[in-house]
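Worksheet: one structure, shown below.
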Amino acid sequence: MATFKYNAKTESGQEINGTITAKDKKAALFEISKLGYYPMDVASCSRFQKEYWRFLFRKREVKKSDLAAFYQQFADLIDGGVTVSYALGILKEQQNRPPLNIVVQNLISDIQNGLSLSEAMRQSKGLIPELDSNIISAGEASGNLELSLNRLANLKEREHELKSKIHSALAYPILLLFSSFLVIIGFMIFVVPSLVILFEESGQKLPLITKVIITVSNFIVEYGWMIILPFIIAVVLKRPRKVFQVIKNQLAKISLHFPIIKKIVIKSEIASFADTLESLLRNGITILSSWDMAGNVIQNVVLRKSIKSIKEAIIQGEKIGFCLQKNKYVPRAFSSIVSVGEESNRLEEGLAKAAKTYRKQVDVDIKLLTTLLEPAMILVIGLLVGFIIISMLLPIFQLEMGSI
């Protein structure tokens with residue numbers, strides 16, 4: 001079996017593009033005709049093309065902001081009385097950025113082949129989160145597809161807004177750290193070796209701090225390439241995601257050892273978890289299935305494992321709130337809210353209130369972090385740069401003092 005790209009027209013004259021799997025080109029033309037299209041051009045996708053696109057979009061989910069807009073527009077069209085296929089056709093014309101435009105095209109193709117919307121979403125090979133397809137499936141089963149799409153849009157918008165605030169707050173400190181790192185590396189590579197030549201010609205004895213800086217400079221010049229070698233190998237072997245995942249996992253563990261950062265990480269993750277769990281439960285998905293899917297939303301690997309491990313206790317009949325109280329990462333206030341919601345059969349409302357509360361608290365904590373972090377970074381970087389400069393100027397001062 002081979003994959004063919006095709007360009008065809010519908011009965012109304014609309015031009016469409018897509019891919020289809022068939023034994024040969026003749027079989028591909030027959031399959032396209034069976035779909036009710038008039039094929040104009042059919043070409044085989046080379047193995048290189050397939051591998052390229054698979055590598056480029058491998059397990060790369062569509063951005064939450066793009067999904068939020070897509071689901072909202074989708075819900076509006078369904079509310080207007082149009083069919084799912086027709087709505088997707090309209091949305092396809094508005095999408096111009098991968099991987100969402102590729103996903104929409106594949107959704108159209110799969111639905112025309114007889115799959116439901118949720119089944120087609122599951123065929124997206126990880127580009128669309130599994131919980132999205134489950135929420136859509138529940139909406140299809142209950143006949144409330146528009147409501148499910150609206151809930152998904154709101155969920156994605158809240159997740160995107162929360163992460164955007166965190167990224168915006170950390171943008172300046174990260175830029176400052178990166179630019180300072182480049183300046184220091186540039187100084188070590190280009191300035192220090194030039195001064196070393198001057199010191200060697202003078203034959204003077206160098207202070208200890210100057211020797212330390214020269215040693216570090218020599219190491220960077222001679223072996224600095226070894227630092228980026230693992231990343232180069234990862235790209236060549238098409239495994240950059242695994243390398244970055246290892247780094248991400250280590251950072252996740254480290255982040256839980258700093259008080260303010262730990263508070264932000266836990267509260268933001270709990271807010272996303274509560275939001276997702278609430279949406280899933282409102283769509284009629286069972287608590288056990290919802291718990292797994294909501295747990296996957298948590299980005300911090302340590303916190304995700306800790307939260308998902310609670311499922312075993314829930315299966316054994318323990319109360320969710322009680323299980324959360326025993327978890328060392330979960331705030332006591334959150335477990336209390338969940339316990340109250342369980343007892344009053346209003347768990348969804350409790351989760352929604354908790355998510356809203358923690359989003360507000362994350363805003364306050366982020367402002368506190370940036371207020372403390374920026375001057376602290378400037379002070380540390382200033383001291384480091386000053387130390388390097390003084391260590392290299394000290395021999396020059398000694399040389400001048402000796403010549404007087």
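Residue numbering restarts at 1 in every chain; chains get A, B, ... in the order shown in the structure tokens, and ligands count up from 1 in that same order.
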
### Message
If you run DSSP on the backbone here, which positions in stretch 254-365 of chain A get helix (DSSP H, G or I)? Please write them as a ChimeraX atom specification.
### Response
/A:254-255,259-282,287-295,301-308,310-315,320-325,332-343,347-365

Rows by chain and residue number, stretch 104-185 of chain A within 12 Å of stretch 253-264 of chain A, shortest pair, only C-alpha atoms, as CSV:
```
residue,atom,partner,partner_atom,distance
A:Leu162,CA,A:Ile264,CA,10.9
A:Lys163,CA,A:Ile264,CA,11.1
A:Lys165,CA,A:Ile264,CA,11.4
A:Ile166,CA,A:Ile264,CA,8.8
A:Ala169,CA,A:Ile264,CA,11.7
A:Leu170,CA,A:Ile261,CA,11.3
```

Output C-alpha atoms for every residue in that selection, as an mmCIF file, in the first residue's frame.
```cif
data_model
loop_
_atom_site.group_PDB
_atom_site.id
_atom_site.type_symbol
_atom_site.label_atom_id
_atom_site.label_comp_id
_atom_site.auth_asym_id
_atom_site.auth_seq_id
_atom_site.Cartn_x
_atom_site.Cartn_y
_atom_site.Cartn_z
ATOM 1 C CA LEU A 162 -2.562 30.851 32.462
ATOM 2 C CA LYS A 163 0.535 29.628 30.624
ATOM 3 C CA LYS A 165 0.993 34.835 32.044
ATOM 4 C CA ILE A 166 3.751 32.560 33.326
ATOM 5 C CA ALA A 169 6.514 36.987 33.490
ATOM 6 C CA LEU A 170 9.593 34.831 32.887
#
```

### Query
If you count only C-alpha atoms, which residues fall within 10 Å of A:Gln325, apart from same-chain ones fewer than 3 positions away, as a PyMOL selection string?
chain A and resi 320-322+328-336+338-339

Written file, previous selection with C-alpha atoms, as a compact mmCIF listing (two decimals), in the first residue's frame:
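Heads up, here's the output in selection.txt:
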```
# COMPACT_ATOMS: atom_id res chain seq x y z
CA ILE A 320 -11.09 11.65 46.53
CA GLY A 321 -10.73 14.48 49.05
CA PHE A 322 -9.20 12.12 51.64
CA LYS A 328 2.31 16.01 49.98
CA TYR A 329 2.11 18.20 46.86
CA VAL A 330 -1.62 19.01 46.91
CA PRO A 331 -2.58 22.19 48.84
CA ARG A 332 -4.83 21.49 51.83
CA ALA A 333 -7.36 24.08 50.61
CA PHE A 334 -7.85 22.16 47.36
CA SER A 335 -8.41 18.83 49.08
CA SER A 336 -10.92 20.51 51.41
CA VAL A 338 -12.97 18.58 46.80
CA SER A 339 -14.14 16.92 50.03
```

Cut-off 12 Å: closest stretch 112-162 of chain A/stretch 14-38 of chain A atom pairs per residue, using only C-alpha atoms, as CSV:
```
residue,atom,partner,partner_atom,distance
A:Gln112,CA,A:Leu35,CA,7.1
A:Asn113,CA,A:Leu35,CA,7.5
A:Gly114,CA,A:Leu35,CA,10.3
```

How about saving the chosen residues, N, CA and C atoms kept, as an mmCIF file, in the first residue's frame?
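The file below, again.cif, is the result:
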```
data_model
loop_
_atom_site.group_PDB
_atom_site.id
_atom_site.type_symbol
_atom_site.label_atom_id
_atom_site.label_comp_id
_atom_site.auth_asym_id
_atom_site.auth_seq_id
_atom_site.Cartn_x
_atom_site.Cartn_y
_atom_site.Cartn_z
ATOM 1 N N GLN A 112 -15.484 11.950 5.823
ATOM 2 C CA GLN A 112 -16.049 11.552 4.535
ATOM 3 C C GLN A 112 -15.906 10.048 4.307
ATOM 4 N N ASN A 113 -14.942 9.441 5.002
ATOM 5 C CA ASN A 113 -14.770 7.988 4.919
ATOM 6 C C ASN A 113 -15.644 7.236 5.915
ATOM 7 N N GLY A 114 -16.503 7.962 6.642
ATOM 8 C CA GLY A 114 -17.481 7.320 7.508
ATOM 9 C C GLY A 114 -17.209 7.379 8.996
#
```
